[in-house]
>>> print(open('input20.csv').read())   # CSV, C-alpha atoms and all ligand atoms
chain,number,residue,atom,x,y,z
A,1,MET,CA,7.2,-11.3,18.7
A,2,GLN,CA,5.3,-8.3,17.5
A,3,ARG,CA,2.6,-9.0,14.9
A,4,VAL,CA,2.5,-7.0,11.7
A,5,PHE,CA,-0.4,-6.6,9.3
A,6,SER,CA,-0.5,-4.8,6.0
A,7,GLY,CA,-2.5,-5.0,2.8
A,8,ILE,CA,-2.4,-3.9,-0.8
A,9,GLN,CA,-5.4,-3.6,-3.1
A,10,PRO,CA,-5.4,-5.8,-6.2
A,11,THR,CA,-6.5,-2.7,-8.2
A,12,GLY,CA,-3.5,-2.9,-10.6
A,13,ILE,CA,0.1,-3.9,-10.7
A,14,PRO,CA,2.0,-2.6,-7.7
A,15,HIS,CA,4.0,0.5,-8.5
A,16,LEU,CA,7.2,2.2,-7.2
A,17,GLY,CA,5.2,4.0,-4.5
A,18,ASN,CA,3.8,0.7,-3.2
A,19,TYR,CA,7.2,-0.8,-3.4
A,20,LEU,CA,9.1,2.0,-1.5
A,21,GLY,CA,6.2,3.0,0.8
A,22,ALA,CA,5.2,-0.6,1.8
A,23,ILE,CA,6.4,-3.8,0.1
A,24,ARG,CA,10.1,-3.2,0.6
A,25,ASN,CA,9.5,-2.7,4.3
A,26,TRP,CA,7.3,-5.8,4.5
A,27,VAL,CA,10.2,-7.8,3.2
A,28,THR,CA,12.5,-6.5,5.9
A,29,LEU,CA,10.0,-6.9,8.7
A,30,GLN,CA,9.5,-10.5,7.9
A,31,GLU,CA,12.9,-11.2,9.4
A,32,ASP,CA,11.9,-10.5,13.0
A,33,HIS,CA,8.1,-10.1,13.1
A,34,ASP,CA,5.1,-12.3,12.8
A,35,CYS,CA,3.8,-10.9,9.5
A,36,VAL,CA,0.4,-11.2,7.9
A,37,PHE,CA,0.2,-9.7,4.3
A,38,CYS,CA,-3.1,-9.5,2.5
A,39,LEU,CA,-4.4,-8.7,-1.0
A,40,VAL,CA,-7.4,-6.7,0.1
A,41,ASP,CA,-9.8,-7.7,-2.6
A,42,LEU,CA,-12.8,-6.6,-0.5
A,43,HIS,CA,-11.4,-3.1,-0.5
A,44,SER,CA,-10.8,-3.2,-4.2
A,45,ILE,CA,-14.6,-3.4,-5.0
A,46,THR,CA,-15.2,-0.1,-3.2
A,47,MET,CA,-14.6,1.6,-6.6
A,48,PRO,CA,-16.1,0.4,-9.9
A,49,TRP,CA,-14.5,-2.9,-11.0
A,50,ASP,CA,-14.5,-5.6,-13.7
A,51,PRO,CA,-14.6,-9.2,-12.3
A,52,GLN,CA,-12.2,-10.7,-14.9
A,53,THR,CA,-9.7,-7.8,-14.3
A,54,LEU,CA,-10.0,-8.3,-10.6
A,55,ARG,CA,-9.1,-12.0,-10.9
A,56,GLU,CA,-6.2,-11.2,-13.1
A,57,GLN,CA,-4.9,-8.4,-10.9
A,58,THR,CA,-5.2,-10.6,-7.8
A,59,LEU,CA,-3.0,-13.2,-9.4
A,60,GLY,CA,-0.6,-10.5,-10.9
A,61,SER,CA,-0.2,-8.9,-7.5
A,62,THR,CA,0.4,-12.2,-5.8
A,63,ALA,CA,3.2,-12.9,-8.4
A,64,CYS,CA,4.7,-9.5,-7.9
A,65,LEU,CA,4.7,-9.7,-4.1
A,66,LEU,CA,6.3,-13.1,-4.2
A,67,ALA,CA,8.9,-11.9,-6.7
A,68,ALA,CA,9.7,-8.9,-4.4
A,69,GLY,CA,10.5,-11.3,-1.6
A,70,ILE,CA,7.3,-11.8,0.4
A,71,GLU,CA,7.3,-15.3,2.0
A,72,PRO,CA,4.5,-17.4,0.4
A,73,THR,CA,3.1,-18.6,3.8
A,74,ARG,CA,2.3,-15.0,4.8
A,75,LEU,CA,0.2,-14.0,1.9
A,76,TYR,CA,-3.5,-14.5,1.1
A,77,ASN,CA,-6.6,-12.7,-0.3
A,78,GLN,CA,-8.9,-11.0,2.1
A,79,SER,CA,-12.2,-12.4,0.8
A,80,ALA,CA,-11.1,-15.9,1.6
A,81,VAL,CA,-11.0,-15.2,5.4
A,82,SER,CA,-14.4,-14.3,6.8
A,83,ALA,CA,-13.0,-12.6,9.9
A,84,HIS,CA,-12.5,-9.3,7.9
A,85,ALA,CA,-16.1,-8.9,6.8
A,86,ARG,CA,-17.5,-10.0,10.2
A,87,LEU,CA,-15.4,-7.6,12.3
A,88,GLY,CA,-15.8,-5.0,9.6
A,89,TRP,CA,-19.5,-5.0,10.1
A,90,ILE,CA,-19.1,-4.7,13.9
A,91,PHE,CA,-16.8,-1.8,13.3
A,92,ASN,CA,-19.4,-0.2,11.0
A,93,CYS,CA,-21.5,-0.1,14.1
A,94,VAL,CA,-18.8,1.2,16.4
A,95,SER,CA,-17.3,3.9,14.2
A,96,ARG,CA,-19.0,7.3,14.0
A,97,LEU,CA,-20.1,9.1,10.9
A,98,GLY,CA,-18.3,12.2,12.1
A,99,TRP,CA,-15.0,10.3,12.2
A,100,LEU,CA,-15.5,9.0,8.6
A,101,ASN,CA,-16.4,12.5,7.4
A,102,ARG,CA,-12.9,13.6,8.1
A,103,MET,CA,-11.1,10.9,6.1
A,104,THR,CA,-9.2,12.5,3.2
A,105,GLN,CA,-8.9,9.3,1.2
A,106,PHE,CA,-12.7,9.3,0.7
A,107,LYS,CA,-12.7,12.9,-0.3
A,108,ASP,CA,-9.8,12.3,-2.8
A,109,LYS,CA,-11.4,9.2,-4.3
A,110,ALA,CA,-15.0,10.4,-4.4
A,111,GLY,CA,-14.1,13.9,-5.7
A,112,LYS,CA,-17.0,16.2,-6.2
A,113,ASN,CA,-19.5,13.5,-7.1
A,114,ARG,CA,-19.9,12.0,-3.6
A,115,GLU,CA,-23.5,10.9,-4.0
A,116,ASN,CA,-22.7,8.5,-6.8
A,117,HIS,CA,-20.0,6.5,-4.9
A,118,SER,CA,-20.5,3.2,-3.2
A,119,ALA,CA,-21.3,3.0,0.5
A,120,GLY,CA,-18.3,0.6,0.7
A,121,LEU,CA,-15.9,3.5,-0.2
A,122,TYR,CA,-17.2,5.5,2.7
A,123,VAL,CA,-16.8,2.7,5.2
A,124,TYR,CA,-13.5,1.5,3.8
A,125,PRO,CA,-11.5,2.8,6.9
A,126,ASN,CA,-13.8,0.7,9.2
A,127,LEU,CA,-12.9,-2.5,7.2
A,128,MET,CA,-9.2,-1.5,7.3
A,129,ALA,CA,-9.4,-1.2,11.1
A,130,ALA,CA,-11.0,-4.7,11.1
A,131,ASP,CA,-8.2,-6.1,8.9
A,132,ILE,CA,-5.6,-5.0,11.4
A,133,LEU,CA,-7.4,-5.7,14.6
A,134,ALA,CA,-8.7,-9.2,13.6
A,135,PHE,CA,-5.1,-10.3,14.0
A,136,HIS,CA,-4.4,-8.2,17.1
A,137,ALA,CA,-1.6,-6.7,15.0
A,138,THR,CA,0.3,-3.8,16.6
A,139,ARG,CA,2.5,-2.6,13.7
A,140,VAL,CA,1.2,-1.6,10.3
A,141,PRO,CA,3.8,-0.7,7.6
A,142,VAL,CA,2.1,1.7,5.3
A,143,GLY,CA,2.8,4.8,3.2
A,144,GLU,CA,2.1,8.3,4.5
A,145,ASP,CA,-1.4,8.3,2.8
A,146,GLN,CA,-2.6,5.7,5.3
A,147,ARG,CA,-1.6,7.5,8.5
A,148,GLN,CA,-5.1,8.9,9.1
A,149,HIS,CA,-6.7,5.5,8.7
A,150,ILE,CA,-4.3,4.0,11.3
A,151,GLU,CA,-5.3,6.8,13.8
A,152,LEU,CA,-9.0,5.9,13.1
A,153,THR,CA,-8.2,2.2,13.7
A,154,ASN,CA,-7.1,3.2,17.2
A,155,ASP,CA,-10.2,5.3,17.8
A,156,ILE,CA,-12.4,2.4,16.8
A,157,GLY,CA,-10.4,-0.2,18.8
A,158,GLN,CA,-10.5,2.1,21.9
A,159,LYS,CA,-14.2,2.8,21.5
A,160,PHE,CA,-14.9,-1.0,21.3
A,161,ASN,CA,-12.9,-1.6,24.4
A,162,HIS,CA,-14.6,1.2,26.2
A,163,ASP,CA,-18.1,0.2,25.2
A,164,MET,CA,-17.5,-3.5,26.0
A,165,GLY,CA,-15.7,-2.7,29.2
A,166,VAL,CA,-12.6,-4.8,28.4
A,167,GLU,CA,-9.1,-4.1,27.1
A,168,PHE,CA,-9.5,-6.4,24.1
A,169,PHE,CA,-8.0,-4.6,21.1
A,170,PRO,CA,-4.3,-3.4,21.3
A,171,GLN,CA,-3.0,0.0,20.3
A,172,VAL,CA,-1.7,0.0,16.7
A,173,GLU,CA,1.3,1.8,15.5
A,174,ALA,CA,1.8,3.0,11.9
A,175,PHE,CA,5.2,2.1,10.6
A,176,ILE,CA,6.0,4.7,7.9
A,177,PRO,CA,9.4,4.6,6.2
A,178,PRO,CA,11.6,7.7,6.8
A,179,ALA,CA,12.2,8.1,3.0
A,180,ALA,CA,9.8,7.9,0.0
A,181,ALA,CA,6.7,7.5,2.2
A,182,ARG,CA,4.8,9.4,-0.4
A,183,VAL,CA,6.0,8.9,-3.9
A,184,MET,CA,4.4,11.4,-6.2
A,185,SER,CA,3.0,10.9,-9.8
A,186,LEU,CA,5.6,11.3,-12.5
A,187,ARG,CA,3.1,13.5,-14.4
A,188,ASP,CA,2.0,15.8,-11.5
A,189,GLY,CA,4.0,16.4,-8.4
A,190,SER,CA,0.9,17.4,-6.4
A,191,LYS,CA,-0.7,13.9,-6.7
A,192,LYS,CA,0.5,10.7,-5.1
A,193,MET,CA,1.5,7.9,-7.4
A,194,SER,CA,-1.5,5.6,-7.6
A,195,LYS,CA,-2.7,2.4,-9.2
A,196,SER,CA,-6.0,4.1,-10.0
A,197,ASP,CA,-4.4,7.0,-11.9
A,198,PRO,CA,-5.7,6.7,-15.4
A,199,SER,CA,-2.3,7.7,-16.9
A,200,GLU,CA,0.1,4.8,-17.2
A,201,GLN,CA,2.9,7.3,-17.6
A,202,SER,CA,2.2,8.5,-14.0
A,203,ARG,CA,3.8,5.4,-12.5
A,204,ILE,CA,6.5,2.8,-12.8
A,205,VAL,CA,5.1,-0.6,-12.1
A,206,LEU,CA,6.9,-3.7,-10.9
A,207,THR,CA,6.4,-5.5,-14.3
A,208,ASP,CA,7.8,-2.6,-16.5
A,209,THR,CA,10.6,-3.6,-18.9
A,210,ALA,CA,13.9,-1.7,-18.9
A,211,ASP,CA,12.6,0.3,-22.0
A,212,ASP,CA,9.3,1.2,-20.2
A,213,ILE,CA,11.2,2.5,-17.2
A,214,ALA,CA,13.7,4.5,-19.3
A,215,LEU,CA,10.9,6.0,-21.3
A,216,LYS,CA,8.7,6.9,-18.3
A,217,ILE,CA,11.7,8.5,-16.5
A,218,ARG,CA,12.7,10.4,-19.6
A,219,ARG,CA,9.1,11.7,-20.0
A,220,ALA,CA,8.7,12.4,-16.3
A,221,LYS,CA,7.7,16.1,-15.7
A,222,THR,CA,10.5,18.3,-14.5
A,223,ASP,CA,11.4,22.0,-14.9
A,224,SER,CA,14.1,23.9,-16.8
A,225,GLU,CA,16.3,24.8,-13.8
A,226,PRO,CA,19.4,22.8,-13.0
A,227,LEU,CA,19.4,20.7,-9.9
A,228,PRO,CA,20.3,22.8,-6.8
A,229,SER,CA,22.9,22.0,-4.2
A,230,GLU,CA,20.4,21.8,-1.2
A,231,MET,CA,17.0,20.2,-0.7
A,232,ASP,CA,15.6,23.6,0.3
A,233,GLY,CA,16.1,24.6,-3.3
A,234,LEU,CA,13.5,22.0,-4.3
A,235,SER,CA,10.8,23.2,-1.9
A,236,GLU,CA,8.8,24.8,-4.8
A,237,ARG,CA,9.7,22.2,-7.4
A,238,PRO,CA,7.6,19.1,-6.4
A,239,GLU,CA,8.4,17.0,-9.5
A,240,ALA,CA,12.2,17.5,-9.2
A,241,ARG,CA,12.0,16.8,-5.4
A,242,ASN,CA,10.1,13.6,-6.1
A,243,LEU,CA,12.7,12.3,-8.5
A,244,VAL,CA,15.5,13.1,-6.1
A,245,SER,CA,13.7,11.4,-3.3
A,246,ILE,CA,13.1,8.3,-5.4
A,247,TYR,CA,16.7,8.2,-6.3
A,248,ALA,CA,17.8,8.5,-2.7
A,249,ALA,CA,15.3,5.9,-1.4
A,250,MET,CA,16.3,3.4,-4.2
A,251,SER,CA,20.1,3.8,-3.6
A,252,ASN,CA,19.8,4.0,0.2
A,253,GLU,CA,21.5,7.4,0.2
A,254,THR,CA,20.2,10.8,1.5
A,255,PRO,CA,18.8,13.3,-0.9
A,256,ALA,CA,21.8,15.5,0.0
A,257,ASP,CA,24.1,12.8,-1.3
A,258,ILE,CA,22.3,12.8,-4.6
A,259,LEU,CA,22.3,16.6,-4.9
A,260,ALA,CA,26.0,16.7,-4.1
A,261,ARG,CA,26.5,14.5,-7.2
A,262,PHE,CA,24.2,16.2,-9.6
A,263,SER,CA,23.9,19.9,-8.5
A,264,GLY,CA,24.4,22.4,-11.2
A,265,GLN,CA,23.5,19.9,-14.0
A,266,GLY,CA,20.3,19.7,-16.0
A,267,PHE,CA,17.9,16.7,-15.7
A,268,GLY,CA,19.4,14.8,-18.6
A,269,PRO,CA,22.3,13.0,-16.9
A,270,PHE,CA,20.3,12.7,-13.6
A,271,LYS,CA,17.4,11.0,-15.4
A,272,ASN,CA,19.7,8.6,-17.2
A,273,ALA,CA,21.3,7.6,-13.9
A,274,LEU,CA,17.9,7.2,-12.2
A,275,ALA,CA,16.6,5.1,-15.0
A,276,ASP,CA,19.7,2.8,-14.8
A,277,LEU,CA,19.3,2.5,-11.0
A,278,LEU,CA,15.6,1.6,-11.3
A,279,VAL,CA,16.2,-0.9,-14.0
A,280,GLU,CA,19.0,-2.6,-12.0
A,281,ARG,CA,16.7,-2.9,-8.9
A,282,LEU,CA,13.4,-3.6,-10.5
A,283,ALA,CA,14.2,-5.8,-13.6
A,284,PRO,CA,14.8,-8.9,-11.4
A,285,VAL,CA,11.4,-8.5,-9.8
A,286,ALA,CA,9.8,-8.1,-13.2
A,287,SER,CA,11.3,-11.2,-14.7
A,288,GLU,CA,10.5,-13.3,-11.6
A,289,THR,CA,6.9,-12.0,-11.7
A,290,GLN,CA,6.6,-13.1,-15.4
A,291,ARG,CA,8.0,-16.6,-14.4
A,292,LEU,CA,5.6,-17.0,-11.5
A,293,LEU,CA,2.6,-16.0,-13.7
A,294,GLN,CA,3.2,-19.0,-15.9
A,295,ASP,CA,1.9,-21.2,-13.1
A,296,GLU,CA,-1.5,-20.1,-12.0
A,297,ALA,CA,-2.2,-23.3,-10.1
A,298,HIS,CA,0.8,-22.6,-7.9
A,299,LEU,CA,-0.3,-19.0,-7.2
A,300,LEU,CA,-3.8,-20.2,-6.2
A,301,SER,CA,-2.3,-22.8,-3.9
A,302,VAL,CA,-0.1,-20.2,-2.2
A,303,LEU,CA,-3.2,-18.0,-1.6
A,304,ARG,CA,-5.2,-20.9,-0.2
A,305,ALA,CA,-2.5,-22.0,2.2
A,306,GLY,CA,-2.0,-18.4,3.3
A,307,ALA,CA,-5.8,-18.1,3.9
A,308,GLU,CA,-5.8,-21.2,6.0
A,309,ARG,CA,-3.0,-19.8,8.2
A,310,ALA,CA,-4.7,-16.3,8.4
A,311,ASN,CA,-7.9,-18.0,9.3
A,312,SER,CA,-6.4,-19.9,12.2
A,313,VAL,CA,-5.0,-16.7,13.7
A,314,SER,CA,-8.0,-14.4,13.2
A,315,GLU,CA,-10.9,-16.8,13.9
A,316,PRO,CA,-10.4,-17.0,17.7
A,317,ILE,CA,-10.0,-13.2,18.0
A,318,VAL,CA,-13.1,-12.4,16.0
A,319,GLN,CA,-15.1,-15.1,17.8
A,320,GLU,CA,-14.2,-13.4,21.1
A,321,ALA,CA,-15.1,-10.0,19.7
A,322,GLU,CA,-18.5,-11.5,18.6
A,323,ARG,CA,-19.0,-13.0,22.1
A,324,LEU,CA,-18.2,-9.6,23.7
A,325,VAL,CA,-20.7,-7.9,21.4
A,326,GLY,CA,-23.4,-10.4,22.6
A,327,PHE,CA,-23.8,-12.6,19.6
A,328,LEU,CA,-24.9,-16.2,20.5
A,329,ARG,CA,-23.3,-19.3,19.1
B,401,LIG,P1,-5.4,2.8,-5.3
B,401,LIG,O1,-5.1,3.9,-6.2
B,401,LIG,O2,-6.2,1.7,-5.9
B,401,LIG,O3,-5.8,3.2,-3.9
B,401,LIG,P2,-2.7,2.7,-4.3
B,401,LIG,O4,-1.7,3.0,-5.3
B,401,LIG,O5,-3.1,3.8,-3.4
B,401,LIG,O6,-3.9,2.1,-5.1
B,401,LIG,P3,-3.0,0.8,-2.2
B,401,LIG,O7,-3.2,-0.6,-2.6
B,401,LIG,O8,-4.2,1.6,-1.8
B,401,LIG,O9,-2.2,1.5,-3.5
B,401,LIG,O10,-1.9,0.9,-1.1
B,401,LIG,C1,-1.0,-0.2,-0.7
B,401,LIG,C2,0.1,0.4,0.1
B,401,LIG,O11,1.0,1.2,-0.6
B,401,LIG,C3,-0.3,1.2,1.3
B,401,LIG,O12,0.5,0.9,2.4
B,401,LIG,C4,-0.1,2.6,0.9
B,401,LIG,O13,0.1,3.5,2.0
B,401,LIG,C5,1.2,2.5,0.0
B,401,LIG,N1,1.2,3.5,-1.0
B,401,LIG,C6,0.3,3.7,-2.0
B,401,LIG,N2,0.7,4.8,-2.8
B,401,LIG,C7,1.9,5.2,-2.3
B,401,LIG,C8,2.8,6.2,-2.7
B,401,LIG,N3,2.5,7.0,-3.8
B,401,LIG,N4,3.9,6.4,-2.0
B,401,LIG,C9,4.2,5.6,-0.9
B,401,LIG,N5,3.4,4.6,-0.5
B,401,LIG,C10,2.2,4.4,-1.2
B,402,MG,MG,-4.7,3.6,-2.1
>>> encode(input="input20.csv", output="structure tokens", more="lines below")
Ligand code: ATP
Ligand code: MG
Amino acid sequence: MQRVFSGIQPTGIPHLGNYLGAIRNWVTLQEDHDCVFCLVDLHSITMPWDPQTLREQTLGSTACLLAAGIEPTRLYNQSAVSAHARLGWIFNCVSRLGWLNRMTQFKDKAGKNRENHSAGLYVYPNLMAADILAFHATRVPVGEDQRQHIELTNDIGQKFNHDMGVEFFPQVEAFIPPAAARVMSLRDGSKKMSKSDPSEQSRIVLTDTADDIALKIRRAKTDSEPLPSEMDGLSERPEARNLVSIYAAMSNETPADILARFSGQGFGPFKNALADLLVERLAPVASETQRLLQDEAHLLSVLRAGAERANSVSEPIVQEAERLVGFLR
């Protein structure tokens, strides 16, 4: 059975982009893959953080993922399994500065003020490669924004194999959904929807109430033209294209199906229908999340059991990598 690894940062409550780009596919992959899902808390301190907020968001994300249908035994938090940090360090020494300099996520997150960001943000992709390869995972369900990091994972794995003279790490394949692989901000169609966007109006999160969802969709940026009959007509209208794509992904239809229903109309009726659809699909996740959050001890025990399992899989792999490197035990 193919092994799948994927992670999400506990930097906030998971949003619609995380759901459509990643979590929804994790739930499907569980059926016929050996899955490992991780709250990557080591990654989440690469940007400034507050310890109490990190604790709360790790629990909140755990509740959300369980509510969305992730099996409890497959879930843990990264810092509880030492394989990540140990292999991450080895990969810091395998990866090349030239490779990291090309990573667009670092450029997006660091912005103009590069000098003032953490070294951790810069080597984030090396740790991500370690996350995946510590499990010898071969499939990684991610959104489009992570494609470049998966390519780097293969470069690092191959360089390790080449330098150590053994075929130790497998090739990794990004598993990017055909629809909604890059959900955009509701406020700006040129930016992806992100947990770290300061505007709460930019994203729908998995704990939003029906009223929150309706309001955010009503306020979502659009334009004054009616909806066209073809997707080509949306090529210069990123906000409208984003909403149509969200609708299609959420209802498992094609964007063409959606346009066939709403073309020629303004955004009013379309937004009402989209809000209803989102409420119908997400409200059960929100209420189950609230229920799970009542029992913190249960959430902690889920993470502990998941970490034990993750440790038993990754430990022999990372010990072998350490032996190949030349570390004595
Ligand atoms: P942050 O802003 O803190 O980086 P994020 O919103 O980018 O948070 P991550 O935890 O970095 O979320 O990513 C978790 C998963 O969700 C990854 O697989 C990523 O590719 C996917 N993802 C993130 N944003 C989107 C998006 N807007 N559309 C589709 N998939 C997304
Ligand atoms: Mg991200």
>>> residues_near_ligand(input="input20.csv", ligand="ligand MG 402 (chain B)", cutoff="12 Å", atoms="only C-alpha atoms and all ligand atoms", output="MDAnalysis selection string")
chainID A and resid 7:12 14:15 17:18 21:22 40 43:44 46:47 104:106 108:109 121 124:125 128 142:147 149 182 191:197
>>> atom_distance(input="input20.csv", atom1="atom CA of Gly69 of chain A", atom2="atom CA of Trp26 of chain A")
8.8 Å
>>> axis_aligned_box(input="input20.csv", around="ligand LIG 401 (chain B)", padding_each_side="4 Å", output="lines of an AutoDock Vina configuration file")
center_x = -1.0
center_y = 3.2
center_z = -1.9
size_x = 18.4
size_y = 15.6
size_z = 16.6
>>> atom_distance(input="input20.csv", atom1="atom CA of Ser229 of chain A", atom2="atom CA of Pro255 of chain A")
10.2 Å
>>> closest_residue(input="input20.csv", among="A:Leu100, A:Leu292, A:Val36, A:Leu186", to="ligand LIG 401 (chain B)", atoms="only C-alpha atoms and all ligand atoms")
A:Leu186
>>> residues_around(input="input20.csv", residues="segment 78-95 of chain A", least_positions_apart="6", cutoff="8 Å", atoms="only C-alpha atoms", output="number ranges by chain")
A: 38-42, 123, 126-131, 134, 156, 159-160, 304, 307-308, 310-311, 314-315, 318, 321
>>> atom_distance(input="input20.csv", atom1="atom CA of Asn161 of chain A", atom2="atom CA of Trp99 of chain A")
17.2 Å
>>> closest_residue(input="input20.csv", among="A:Val285, A:Asn77, A:Ala110, A:Asn25", to="Leu206 of chain A", atoms="all atoms listed in the file")
A:Val285
>>> closest_residue(input="input20.csv", among="A:Cys35, A:Met103, A:Leu234, A:Ala63", to="Thr138 of chain A", atoms="only C-alpha atoms")
A:Cys35
>>> closest_residue(input="input20.csv", among="A:Phe175, A:Tyr76, A:Phe169, A:Tyr122", to="ligand LIG 401 (chain B)", atoms="only C-alpha atoms and all ligand atoms")
A:Phe175
>>> closest_residue(input="input20.csv", among="A:Arg187, A:Arg3, A:His298, A:Arg203", to="Ala220 of chain A", atoms="all atoms listed in the file")
A:Arg187
>>> closest_residue(input="input20.csv", among="A:Ala249, A:Leu215, A:Ala240, A:Ala137", to="ligand LIG 401 (chain B)", atoms="all atoms listed in the file")
A:Ala249
>>> residues_around(input="input20.csv", residues="Leu299 of chain A", least_positions_apart="4", cutoff="10 Å", atoms="only C-alpha atoms", output="ChimeraX atom specification")
/A:58-60,62-63,66,72,76,292-295,303-304
>>> residues_around(input="input20.csv", residues="segment 265-280 of chain A", least_positions_apart="2", cutoff="10 Å", atoms="all atoms listed in the file", output="MDAnalysis selection string")
chainID A and resid 16 204 208:220 222:228 240 243:244 246:248 250:251 258:259 261:263 282:286
>>> decode(input="input20.csv", residues="segment 255-269 of chain A", atoms="N, CA and C atoms", output="mmCIF file, in the first residue's frame")
data_model
loop_
_atom_site.group_PDB
_atom_site.id
_atom_site.type_symbol
_atom_site.label_atom_id
_atom_site.label_comp_id
_atom_site.auth_asym_id
_atom_site.auth_seq_id
_atom_site.Cartn_x
_atom_site.Cartn_y
_atom_site.Cartn_z
ATOM 1 N N PRO A 255 -16.809 23.997 -13.575
ATOM 2 C CA PRO A 255 -17.127 25.431 -13.651
ATOM 3 C C PRO A 255 -18.124 25.720 -14.782
ATOM 4 N N ALA A 256 -18.029 24.959 -15.881
ATOM 5 C CA ALA A 256 -18.965 25.168 -17.002
ATOM 6 C C ALA A 256 -20.409 24.892 -16.559
ATOM 7 N N ASP A 257 -20.607 23.863 -15.737
ATOM 8 C CA ASP A 257 -21.953 23.563 -15.215
ATOM 9 C C ASP A 257 -22.489 24.762 -14.431
ATOM 10 N N ILE A 258 -21.602 25.355 -13.631
ATOM 11 C CA ILE A 258 -22.037 26.463 -12.770
ATOM 12 C C ILE A 258 -22.405 27.668 -13.636
ATOM 13 N N LEU A 259 -21.537 27.955 -14.638
ATOM 14 C CA LEU A 259 -21.816 29.112 -15.497
ATOM 15 C C LEU A 259 -23.099 28.893 -16.297
ATOM 16 N N ALA A 260 -23.339 27.641 -16.693
ATOM 17 C CA ALA A 260 -24.567 27.368 -17.461
ATOM 18 C C ALA A 260 -25.784 27.764 -16.624
ATOM 19 N N ARG A 261 -25.689 27.614 -15.305
ATOM 20 C CA ARG A 261 -26.823 27.932 -14.426
ATOM 21 C C ARG A 261 -26.941 29.428 -14.149
ATOM 22 N N PHE A 262 -25.801 30.130 -14.066
ATOM 23 C CA PHE A 262 -25.856 31.528 -13.591
ATOM 24 C C PHE A 262 -25.478 32.566 -14.650
ATOM 25 N N SER A 263 -25.139 32.158 -15.882
ATOM 26 C CA SER A 263 -24.646 33.150 -16.846
ATOM 27 C C SER A 263 -25.724 34.193 -17.146
ATOM 28 N N GLY A 264 -25.252 35.407 -17.342
ATOM 29 C CA GLY A 264 -26.165 36.516 -17.637
ATOM 30 C C GLY A 264 -26.708 37.177 -16.384
ATOM 31 N N GLN A 265 -26.539 36.535 -15.227
ATOM 32 C CA GLN A 265 -27.050 37.121 -13.983
ATOM 33 C C GLN A 265 -25.929 37.877 -13.251
ATOM 34 N N GLY A 266 -26.311 38.788 -12.384
ATOM 35 C CA GLY A 266 -25.345 39.469 -11.517
ATOM 36 C C GLY A 266 -24.930 38.522 -10.402
ATOM 37 N N PHE A 267 -24.092 39.037 -9.474
ATOM 38 C CA PHE A 267 -23.554 38.156 -8.441
ATOM 39 C C PHE A 267 -24.524 37.863 -7.293
ATOM 40 N N GLY A 268 -25.628 38.645 -7.185
ATOM 41 C CA GLY A 268 -26.550 38.466 -6.060
ATOM 42 C C GLY A 268 -27.038 37.035 -5.902
ATOM 43 N N PRO A 269 -27.771 36.513 -6.899
ATOM 44 C CA PRO A 269 -28.291 35.150 -6.747
ATOM 45 C C PRO A 269 -27.187 34.096 -6.650
#
